Structures are given as C-alpha cells and as structure tokens.
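Undergrad: File my_file39.txt follows (compact mmCIF, C-alpha atoms):
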```
# COMPACT_ATOMS: atom_id res chain seq x y z
CA MET Q 1 129.39 101.53 83.40
CA PRO Q 2 126.45 101.81 80.99
CA GLU Q 3 123.32 103.55 82.21
CA ALA Q 4 120.35 101.34 83.00
CA PHE Q 5 116.58 101.82 83.05
CA ILE Q 6 115.40 101.11 86.60
CA ASP Q 7 111.99 101.76 88.20
CA LEU Q 8 112.12 101.47 91.99
CA HIS Q 9 108.45 101.78 92.98
CA ALA Q 10 105.68 99.51 91.69
CA HIS Q 11 102.65 97.76 93.20
CA SER Q 12 100.96 94.45 92.51
CA SER Q 13 97.55 93.05 93.40
CA VAL Q 14 99.03 91.85 96.70
CA SER Q 15 98.37 95.41 97.87
CA ASP Q 16 96.55 97.93 95.67
CA GLY Q 17 97.82 97.25 92.15
CA THR Q 18 95.78 95.45 89.52
CA GLU Q 19 98.35 92.91 88.25
CA ARG Q 20 99.69 89.78 89.88
CA PRO Q 21 103.38 90.08 90.91
CA ALA Q 22 104.45 87.79 88.04
CA ASP Q 23 102.49 89.84 85.51
CA LEU Q 24 103.97 93.05 86.92
CA VAL Q 25 107.58 91.96 86.35
CA ARG Q 26 106.71 90.66 82.89
CA ALA Q 27 105.16 94.05 82.08
CA ALA Q 28 108.31 95.75 83.38
CA ALA Q 29 110.51 93.64 81.11
CA ALA Q 30 108.20 94.26 78.13
CA SER Q 31 108.47 98.02 78.74
CA GLY Q 32 112.27 97.82 78.39
CA LEU Q 33 113.23 98.17 82.03
CA ASP Q 34 116.48 96.62 83.23
CA GLY Q 35 115.25 96.57 86.82
CA VAL Q 36 112.08 97.01 88.85
CA ALA Q 37 111.28 97.09 92.55
CA LEU Q 38 108.16 95.42 93.93
CA THR Q 39 107.05 97.67 96.79
CA ASP Q 40 103.59 96.62 97.93
CA HIS Q 41 102.07 98.40 100.91
CA ASP Q 42 103.15 96.90 104.23
CA THR Q 43 103.76 93.41 102.84
CA THR Q 44 106.40 91.23 101.18
CA ALA Q 45 103.87 88.53 100.24
CA GLY Q 46 104.39 89.04 96.51
CA TRP Q 47 108.16 88.52 96.51
CA ALA Q 48 108.23 84.79 95.82
CA GLU Q 49 105.89 84.96 92.83
CA ALA Q 50 107.75 87.93 91.33
CA ALA Q 51 111.12 86.26 91.88
CA ALA Q 52 110.02 83.07 90.15
CA ALA Q 53 108.83 85.04 87.12
CA VAL Q 54 111.88 87.28 86.78
CA ARG Q 55 114.44 84.45 86.60
CA ASP Q 56 113.63 83.89 82.91
CA LEU Q 57 113.54 87.60 82.04
CA PRO Q 58 116.44 89.89 81.02
CA MET Q 59 116.05 92.10 84.05
CA THR Q 60 116.56 92.28 87.82
CA LEU Q 61 113.97 92.38 90.61
CA LEU Q 62 114.67 94.50 93.69
CA PRO Q 63 112.33 93.16 96.41
CA GLY Q 64 110.96 95.80 98.76
CA LEU Q 65 107.87 97.21 100.46
CA GLU Q 66 106.24 100.58 101.08
CA LEU Q 67 105.88 101.04 104.83
CA SER Q 68 103.07 103.23 106.13
CA THR Q 69 104.14 105.85 108.69
CA ARG Q 70 102.48 108.99 110.04
CA VAL Q 71 103.28 112.38 111.55
CA GLY Q 72 100.04 113.64 113.06
CA TRP Q 73 97.55 113.78 110.17
CA ARG Q 74 100.29 113.50 107.54
CA SER Q 75 100.95 110.17 105.86
CA VAL Q 76 104.65 109.56 105.13
CA HIS Q 77 105.48 106.47 103.10
CA VAL Q 78 108.90 104.89 103.53
CA LEU Q 79 110.16 102.54 100.83
CA GLY Q 80 112.26 99.72 102.26
CA TYR Q 81 114.49 97.85 99.82
CA LEU Q 82 116.03 94.41 100.39
CA VAL Q 83 114.80 93.95 103.95
CA ASP Q 84 114.81 90.55 105.64
CA PRO Q 85 111.16 89.52 105.08
CA THR Q 86 111.27 87.33 108.20
CA ASP Q 87 112.52 90.05 110.56
CA PRO Q 88 110.26 89.64 113.65
CA ALA Q 89 109.82 93.34 114.43
CA LEU Q 90 109.04 94.29 110.85
CA VAL Q 91 106.65 91.36 110.40
CA ALA Q 92 104.81 92.22 113.61
CA GLU Q 93 104.49 95.89 112.68
CA THR Q 94 103.30 95.30 109.12
CA ASP Q 95 100.79 92.73 110.37
CA ARG Q 96 99.46 95.32 112.81
CA ILE Q 97 99.28 98.03 110.13
CA ARG Q 98 97.41 95.79 107.71
CA SER Q 99 94.96 94.80 110.42
CA ASP Q 100 94.30 98.45 111.25
CA ARG Q 101 93.95 99.26 107.53
CA LEU Q 102 91.26 96.59 107.28
CA THR Q 103 89.34 97.90 110.30
CA ARG Q 104 89.60 101.46 109.00
CA ALA Q 105 88.47 100.49 105.50
CA ARG Q 106 85.46 98.62 106.86
CA SER Q 107 84.47 101.59 109.00
CA MET Q 108 84.80 103.98 106.05
CA VAL Q 109 82.64 101.77 103.85
CA ASP Q 110 79.98 101.58 106.56
CA ARG Q 111 79.91 105.37 106.71
CA ILE Q 112 79.85 105.81 102.94
CA GLY Q 113 77.10 103.18 102.74
CA GLN Q 114 74.81 105.38 104.80
CA ASP Q 115 74.69 107.84 101.88
CA HIS Q 116 75.63 105.75 98.83
CA PRO Q 117 74.73 102.22 97.63
CA ILE Q 118 77.98 100.43 98.50
CA THR Q 119 78.66 97.47 100.81
CA TRP Q 120 81.74 95.77 102.26
CA ASP Q 121 81.18 92.85 99.90
CA ASP Q 122 81.46 95.27 96.97
CA VAL Q 123 84.91 96.26 98.22
CA LEU Q 124 86.05 92.71 98.88
CA ALA Q 125 85.17 91.87 95.28
CA GLU Q 126 87.87 94.32 94.14
CA ALA Q 127 90.72 92.66 96.08
CA THR Q 128 92.62 89.44 95.56
CA ALA Q 129 92.84 86.93 98.41
CA GLY Q 130 95.25 88.15 101.08
CA ALA Q 131 95.60 91.65 99.62
CA THR Q 132 96.18 94.68 101.84
CA ILE Q 133 92.73 96.26 101.57
CA GLY Q 134 92.61 100.04 101.61
CA ARG Q 135 91.12 103.11 100.00
CA PRO Q 136 92.13 102.09 96.44
CA HIS Q 137 89.87 99.05 96.68
CA ILE Q 138 87.03 101.23 97.95
CA ALA Q 139 87.69 103.57 95.03
CA ASP Q 140 87.52 100.68 92.56
CA ALA Q 141 84.19 99.58 94.04
CA LEU Q 142 82.84 103.12 93.75
CA VAL Q 143 83.86 103.17 90.08
CA ARG Q 144 82.34 99.76 89.33
CA LEU Q 145 79.09 100.86 90.99
CA GLY Q 146 78.99 104.03 88.90
CA LEU Q 147 79.41 106.33 91.90
CA GLU Q 148 82.70 107.79 90.61
CA PRO Q 149 84.12 107.87 87.05
CA ASP Q 150 87.61 106.57 87.93
CA ARG Q 151 89.94 105.90 90.85
CA SER Q 152 91.52 109.36 90.76
CA ALA Q 153 88.10 111.01 90.84
CA ALA Q 154 87.12 108.87 93.83
CA PHE Q 155 90.12 110.15 95.76
CA ARG Q 156 89.18 113.72 94.87
CA GLY Q 157 85.55 113.11 95.79
CA ILE Q 158 83.98 110.57 98.13
CA LEU Q 159 87.33 109.41 99.54
CA HIS Q 160 88.85 112.87 100.00
CA PRO Q 161 89.72 113.70 103.64
CA SER Q 162 87.28 116.62 103.55
CA SER Q 163 84.34 114.41 102.50
CA GLY Q 164 83.44 113.38 106.03
CA TYR Q 165 83.96 109.68 105.31
CA TYR Q 166 87.74 109.63 105.66
CA GLU Q 167 89.43 108.03 108.66
CA PRO Q 168 93.19 107.94 109.33
CA HIS Q 169 94.84 104.62 110.04
CA ASP Q 170 97.33 103.86 112.78
CA ALA Q 171 100.99 103.70 111.74
CA PRO Q 172 104.44 104.21 113.30
CA THR Q 173 106.38 107.46 113.02
CA PRO Q 174 108.77 107.92 110.07
CA LEU Q 175 111.67 107.67 112.53
CA ARG Q 176 110.45 104.29 113.75
CA GLY Q 177 109.88 103.19 110.17
CA VAL Q 178 113.44 104.06 109.11
CA GLU Q 179 114.83 102.36 112.21
CA MET Q 180 112.84 99.17 111.56
CA ILE Q 181 113.88 98.98 107.92
CA ARG Q 182 117.56 99.40 108.79
CA ALA Q 183 117.27 96.88 111.64
CA ALA Q 184 115.82 94.41 109.10
CA GLY Q 185 118.86 94.91 106.87
CA GLY Q 186 117.06 97.13 104.38
CA VAL Q 187 117.64 100.55 102.85
CA PRO Q 188 114.97 103.23 103.53
CA VAL Q 189 113.89 105.92 101.06
CA ILE Q 190 111.10 108.47 101.57
CA ALA Q 191 108.49 107.98 98.83
CA HIS Q 192 107.17 111.02 96.88
CA PRO Q 193 108.02 113.48 99.67
CA ALA Q 194 106.86 116.55 97.71
CA ALA Q 195 103.57 115.20 96.37
CA SER Q 196 101.39 118.03 95.13
CA SER Q 197 98.42 117.16 97.33
CA ARG Q 198 100.42 117.51 100.54
CA GLY Q 199 103.50 119.65 99.87
CA ILE Q 200 106.75 118.35 101.37
CA VAL Q 201 105.65 115.85 104.00
CA ILE Q 202 108.71 116.26 106.23
CA ASP Q 203 110.65 119.33 107.31
CA GLU Q 204 114.42 119.70 107.55
CA PRO Q 205 114.72 119.05 111.30
CA MET Q 206 112.81 115.79 110.81
CA LEU Q 207 115.01 114.96 107.82
CA ARG Q 208 118.13 115.37 109.94
CA GLU Q 209 116.63 113.00 112.50
CA LEU Q 210 115.84 110.44 109.79
CA VAL Q 211 119.33 110.72 108.30
CA GLY Q 212 120.75 110.03 111.74
CA ALA Q 213 118.60 106.89 111.94
CA GLY Q 214 119.83 105.60 108.58
CA LEU Q 215 117.70 107.17 105.84
CA GLY Q 216 119.35 106.36 102.52
CA GLY Q 217 117.63 108.50 99.91
CA LEU Q 218 114.68 110.51 98.63
CA GLU Q 219 112.35 109.66 95.76
CA VAL Q 220 112.72 112.90 93.81
CA ASP Q 221 111.56 111.99 90.31
CA HIS Q 222 107.89 111.11 90.74
CA ARG Q 223 104.89 112.49 88.88
CA GLU Q 224 103.28 113.87 92.05
CA ASN Q 225 106.32 115.81 93.27
CA LEU Q 226 106.00 119.54 92.53
CA ALA Q 227 108.91 121.23 90.74
CA SER Q 228 109.46 123.62 93.65
CA GLY Q 229 109.50 120.72 96.08
CA LYS Q 230 111.92 118.76 93.91
CA ARG Q 231 114.40 121.64 94.06
CA THR Q 232 114.28 121.50 97.85
CA LEU Q 233 114.66 117.72 97.83
CA LEU Q 234 117.72 117.89 95.56
CA ASP Q 235 119.25 120.49 97.86
CA TRP Q 236 118.66 118.18 100.82
CA THR Q 237 120.18 115.15 99.08
CA ALA Q 238 123.35 117.14 98.36
CA ARG Q 239 123.51 118.60 101.86
CA TYR Q 240 122.95 115.34 103.73
CA GLY Q 241 124.65 112.84 101.42
CA LEU Q 242 121.48 111.05 100.32
CA PHE Q 243 120.98 109.30 96.99
CA VAL Q 244 118.19 110.18 94.54
CA THR Q 245 115.66 107.75 93.09
CA GLY Q 246 113.08 108.07 90.34
CA SER Q 247 110.05 105.84 90.05
CA SER Q 248 106.66 105.41 88.42
CA ASP Q 249 104.63 104.28 91.47
CA TYR Q 250 102.92 101.94 89.01
CA HIS Q 251 99.58 100.36 89.97
CA GLY Q 252 98.54 98.74 86.70
CA THR Q 253 95.20 100.02 85.45
CA GLY Q 254 94.41 101.54 88.86
CA LYS Q 255 96.36 104.74 88.15
CA PRO Q 256 97.62 106.60 85.07
CA ASN Q 257 101.25 106.05 86.13
CA ARG Q 258 103.24 104.05 83.53
CA LEU Q 259 106.19 101.77 84.18
CA GLY Q 260 109.48 103.56 83.59
CA GLU Q 261 107.99 107.05 83.32
CA HIS Q 262 110.58 108.08 85.93
CA ARG Q 263 113.76 106.12 86.47
CA THR Q 264 116.62 105.61 88.90
CA VAL Q 265 120.25 105.84 87.82
CA ARG Q 266 122.55 102.84 88.14
CA ARG Q 267 124.65 104.53 90.83
CA SER Q 268 121.71 104.77 93.23
CA PHE Q 269 120.69 101.17 92.52
CA ASP Q 270 124.23 99.97 93.27
CA THR Q 271 124.29 101.98 96.51
CA ILE Q 272 121.12 100.26 97.70
CA VAL Q 273 122.52 96.82 96.91
CA GLU Q 274 125.82 97.63 98.63
CA GLN Q 275 124.13 98.90 101.80
CA ALA Q 276 121.54 96.13 102.16
CA THR Q 277 122.13 93.05 104.30
CA GLY Q 278 118.57 91.71 104.65
CA SER Q 279 118.10 90.12 101.22
CA ALA Q 280 119.47 90.30 97.69
CA PRO Q 281 118.23 91.28 94.23
CA VAL Q 282 116.88 88.51 92.00
CA VAL Q 283 118.86 88.58 88.77
CA GLY Q 284 117.13 87.28 85.68
CA ALA Q 285 118.73 85.61 82.67
CA GLY Q 286 120.84 88.11 80.77
CA SER Q 287 120.10 91.04 83.08
CA PRO Q 288 122.55 93.93 82.74
CA LEU Q 289 122.21 94.56 86.49
CA THR Q 290 124.58 92.01 88.01
```
Represent the structure contained in this file as structure tokens.

TA:
Amino acid sequence: MPEAFIDLHAHSSVSDGTERPADLVRAAAASGLDGVALTDHDTTAGWAEAAAAVRDLPMTLLPGLELSTRVGWRSVHVLGYLVDPTDPALVAETDRIRSDRLTRARSMVDRIGQDHPITWDDVLAEATAGATIGRPHIADALVRLGLEPDRSAAFRGILHPSSGYYEPHDAPTPLRGVEMIRAAGGVPVIAHPAASSRGIVIDEPMLRELVGAGLGGLEVDHRENLASGKRTLLDWTARYGLFVTGSSDYHGTGKPNRLGEHRTVRRSFDTIVEQATGSAPVVGAGSPLT
C-alpha cells in the first residue's frame, strides 16, 4: 500500500479559519495532499460546502469537528472524525458550547473595551455569518485596530489568561466528549496533547479512563507539541494500543501553520474509516484514498 499525504486537522471560516470550506479543500489539493480533515470548532456546518468542492479534486475529505472539553482550567480539545452530524446529543452539546463561547467572547470584549478602543461590532466584522465566534476573532480585531501586531502576539498579550481579560468557557469533560463522539459513530483523538503552552493536558490515569470510553488516538505530530511530550505520547500510544496522527492545525492566514506540515500515515487513516459508523469520507475524482 503506497504511503499517502494526509492532514487530519484544519479549520475553515465556519469557525476560526480564514478560508471558506471549499477554498480550504482546494488549497489542500493544491498543496499536494491526498486527504484532509475539516475539523471546525464545535460545528459540522462546513461539511456540505467542503464535500461539494472535493468531488472534483484528486483527494479525499474526512469530515470531522474539534470538540471543546475542559478539566478544571485546562482546555482539552477532542477531534471527532466521521461522526453523525445529526446525532441529537452531539448537536445539543455543540449548540450549547457555541452559545457559551459567544457569551464569553462578548464579555471579554466588553472588559477589553474598558482599556482599549475595541467594540463588539469590531469583532463581528472579523467573522463570517454563522461562524463560531471566539478568541481568534477578537485577536483579528485587535490586529486590524493596530492594538496587536498579529494573532499570535494577541494571544501572548491582551488575550493571554494572565492579562485579566480572559474568561474560561463552559465545556464538557474529556470523558464526556469521547463518549459523545463514539455514541455519534465517530472516532475520537486528543488534539495537540503536549502543546508547549500547557504541557501534556491529560495525565496517565485520565488517559486510561479515556481509552476505556473509546479514545482512538493521539495527535502526536503537531508544531505545538514539545519533543519531551511527544516521547511520552508515543509511549502511551504503544502501551494502550492507540493510533498516531499528524496534522497542521491549519487556519489559513490566521496562524503560521501550513497545510501538510505534519501528516498522518495511511494506516491511521484507514483505522479511523474502519472504526467509524456515523458518516463516511468524501472521495474525490482520482483520489488515492479509496
């Protein structure tokens, strides 16, 4: 079986990316990828547009989402691949999360606006209709207003948790997230678990609990995972029978991440497809991933 070039973590303007879903998959094909996953935050709203665009491209779309979960103050993102987008429990929970994200974003902007010249309308201008509004849109508004030089600087500065403006948003536990994704026929993977800004976001006892609930894999190859953390993650995948993924976490011009900078091997892609019962990949014309 020939190796393929697969990127299993990318965002469109439906959440906090800068490209429409159709433009995202076209960019993925132009970059030489054989497959890409659309994993917008807490929404599957971009699936239909991406699927329509990929049918004429020599690549495969893996529909997914990035589900927000929390352990205390720690944010733990769970990628869910090939879920049933109509699953009632998952739809209800993602609707609730997006609503809370909106309330939290509005409150943060109000607080920032007491010290800096920014309004809620400035933030809304950075988002497409129906997008999941969050801190990236606030960051983009801060950049456009000249209050920060770029999105990354905004997250290190005004939007940093220590700035006094930050507010956490409500989200289920990682255990509940994994359970919901499996119940919706999907395959759950912990996103960037060893990101440098947080260290490893779960410990081994929690990992064992998640494996028992149906966790499928860990996103090991990601630009924010520290080398020391990646060694631990690889040890865990071997010990608990998890598969490994690699991804760019692409956001268009919103972040420096580039499509295909980290990739997933064909074996892990096939495992996801074999395990999933909620939906199916969308195979474009001439795609090697069939």

Undergrad: Could you list, with a cut-off of 8 Å and counting only C-alpha atoms, the residues of segment 196-241 of chain Q near segment 253-267 of chain Q, each shown with its nearest atom pair and the distance in Å rounded to one decimal, rows sorted by chain and ascending number, as JSON lines?

TA:
```
{"residue": "Q:Asp221", "atom": "CA", "partner": "Q:His262", "partner_atom": "CA", "distance": 6.0}
{"residue": "Q:His222", "atom": "CA", "partner": "Q:His262", "partner_atom": "CA", "distance": 6.3}
{"residue": "Q:Arg223", "atom": "CA", "partner": "Q:His262", "partner_atom": "CA", "distance": 7.8}
```

Undergrad: Atoms to include: C-alpha atoms. Write the selected residues as a tab-separated table (two decimals), in the frame of the given file.

TA:
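Saved as again_29.tsv:
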```
chain	number	residue	atom	x	y	z
Q	221	ASP	CA	111.56	111.99	90.31
Q	222	HIS	CA	107.89	111.11	90.74
Q	223	ARG	CA	104.89	112.49	88.88
```

Undergrad: Between Q:Gly72, Q:Gly64, Q:Pro58, Q:Gly113, single out the one closest to His41 of chain Q, counting all atoms listed in the file.

TA: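 Answer, going by the shortest atom-to-atom distance: Q:Gly64.
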
Undergrad: With all atoms listed in the file as the basis for distance, which of Q:Gln114, Q:Ser228, Q:Thr69, Q:Ser279 is at the shortest distance from Arg176 of chain Q?

TA: Q:Thr69

Undergrad: Rank Q:Arg70, Q:Pro63, Q:Pro117, Q:Asp7 by their smallest atom-to-atom distance to Gly246 of chain Q, using only C-alpha atoms, and report the top residue only.

TA: Q:Asp7

Undergrad: Between atom CA of Asp34 of chain Q and atom CA of Thr60 of chain Q, measure the distance and give it in Å to one decimal.

TA: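 Atom CA of Asp34 of chain Q sits 6.3 Å away from atom CA of Thr60 of chain Q.
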
Undergrad: Could you tell me how far atom CA of Gly186 of chain Q sits from atom CA of Ala276 of chain Q, in Å to one decimal place?

TA: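 If I compute the distance from atom CA of Ala276 of chain Q to atom CA of Gly186 of chain Q, I get 5.1 Å.
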
Undergrad: Rank Q:His137, Q:His192, Q:Arg144, Q:His251 by their smallest atom-to-atom distance to Leu226 of chain Q, using all atoms listed in the file, and report the top residue only.

TA: Q:His192

Undergrad: Identify, on the basis of only C-alpha atoms, every residue whose closest approach to Val25 of chain Q does not exceed 9 Å; exclude the query and any residue fewer than 6 positions from it along the same chain; express the result as a list in words.

TA: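 Near Val25 of chain Q, the qualifying residues are Gly35, Val36, Ala37, Leu38, Ala50, Ala51, Ala53, Val54, Leu57, Met59 and Leu61 of chain Q.
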
Undergrad: What separation in Å, quoted to one decimal, exists between atom CA of Glu19 of chain Q and atom CA of Gly252 of chain Q?

TA: 6.0 Å

Undergrad: Pick the closest to Gly177 of chain Q from Q:Asp121, Q:Glu93, Q:Gly286, Q:Ala127: which is it, counting only C-alpha atoms?

TA: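 Looking only at the distances to Gly177 of chain Q, the closest residue turns out to be Q:Glu93.
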
Undergrad: Residues at most 10 Å from Gly46 of chain Q, counting all atoms listed in the file, excluding those fewer than 4 positions away in the same chain, as an MDAnalysis selection string?

TA: chainID Q and resid 11:15 20:22 38:40 50:51 63:65 131

Undergrad: Determine the nearest neighbour of Ile97 of chain Q from the options Q:Ala184, Q:Ala171, Q:Leu242, Q:Ile200, counting all atoms listed in the file.

TA: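 Using all atoms listed in the file, the shortest distance to Ile97 of chain Q belongs to Q:Ala171.
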
Undergrad: Within 10 Å of (110.2, 117.2, 94.9) (coordinates as in the file), grab all the protein and nucleic acid residues, counting only C-alpha atoms, and write them out as a ChimeraX atom specification.

TA: /Q:192-196,199-200,218-234

Undergrad: How close does each residue of segment 12-119 of chain Q get to segment 146-152 of chain Q, giving the shortest atom pair and distance in Å to one decimal for every residue with an atom at most 12 Å away, counting only C-alpha atoms, sorted by chain and residue number, as CSV?

TA:
```
residue,atom,partner,partner_atom,distance
Q:Asp16,CA,Q:Arg151,CA,11.4
Q:Gly17,CA,Q:Arg151,CA,11.8
Q:Ile112,CA,Q:Leu147,CA,11.1
Q:Gly113,CA,Q:Leu147,CA,11.5
Q:Asp115,CA,Q:Leu147,CA,11.1
Q:His116,CA,Q:Leu147,CA,7.9
Q:Pro117,CA,Q:Leu147,CA,8.5
Q:Ile118,CA,Q:Leu147,CA,9.0
```

Undergrad: List every residue of segment 185-234 of chain Q that has an atom at most 12 Å from any atom of segment 268-273 of chain Q, giving for each one its closest atom pair and the distance in Å to one decimal, counting all atoms listed in the file, sorted by chain and then by ascending residue number, as a Markdown table.

TA:
```
| residue | atom | partner | partner_atom | distance |
| --- | --- | --- | --- | --- |
| Q:Gly185 | CA | Q:Val273 | CA | 10.8 |
| Q:Gly186 | CA | Q:Ile272 | CA | 8.4 |
| Q:Val187 | CA | Q:Ile272 | CA | 6.2 |
| Q:Pro188 | CA | Q:Ile272 | CA | 9.0 |
| Q:Val189 | CA | Q:Ile272 | CA | 9.8 |
| Q:Leu215 | CA | Q:Ile272 | CA | 11.2 |
| Q:Gly216 | CA | Q:Ile272 | CA | 8.0 |
| Q:Gly217 | CA | Q:Ser268 | CA | 8.7 |
| Q:Leu218 | CA | Q:Ser268 | CA | 10.6 |
| Q:Glu219 | CA | Q:Ser268 | CA | 10.9 |
```

Undergrad: Save out the residues we just selected, C-alpha atoms, as a CSV table (one decimal), in the frame of the given file.

TA:
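Output file again_3.csv is given in full below:
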```
chain,number,residue,atom,x,y,z
Q,185,GLY,CA,118.9,94.9,106.9
Q,186,GLY,CA,117.1,97.1,104.4
Q,187,VAL,CA,117.6,100.6,102.8
Q,188,PRO,CA,115.0,103.2,103.5
Q,189,VAL,CA,113.9,105.9,101.1
Q,215,LEU,CA,117.7,107.2,105.8
Q,216,GLY,CA,119.4,106.4,102.5
Q,217,GLY,CA,117.6,108.5,99.9
Q,218,LEU,CA,114.7,110.5,98.6
Q,219,GLU,CA,112.4,109.7,95.8
```

Undergrad: Please determine the residues with any atom at most 12 Å from (96.8, 97.6, 109.2) (coordinates as given in the file, with only C-alpha atoms counting) and report them as a ChimeraX atom specification.

TA: /Q:15,41-43,67-69,91-106,131-134,168-172

Undergrad: Mind writing segment 207-224 of chain Q to a file for me, with C-alpha atoms, as a compact mmCIF listing (two decimals), in the first residue's frame?

TA:
```txt
# COMPACT_ATOMS: atom_id res chain seq x y z
CA LEU Q 207 -5.80 8.60 29.59
CA ARG Q 208 -6.72 5.13 30.84
CA GLU Q 209 -10.23 6.39 31.55
CA LEU Q 210 -10.50 7.87 28.06
CA VAL Q 211 -9.21 4.68 26.43
CA GLY Q 212 -11.88 2.76 28.30
CA ALA Q 213 -14.50 5.14 26.89
CA GLY Q 214 -13.30 4.63 23.31
CA LEU Q 215 -10.42 7.04 22.66
CA GLY Q 216 -8.87 6.08 19.34
CA GLY Q 217 -5.62 8.02 19.07
CA LEU Q 218 -3.37 10.93 19.96
CA GLU Q 219 -2.28 13.80 17.71
CA VAL Q 220 1.47 13.46 18.23
CA ASP Q 221 2.96 15.29 15.25
CA HIS Q 222 1.88 18.89 15.73
CA ARG Q 223 4.02 22.02 15.78
CA GLU Q 224 2.99 22.92 19.35
```
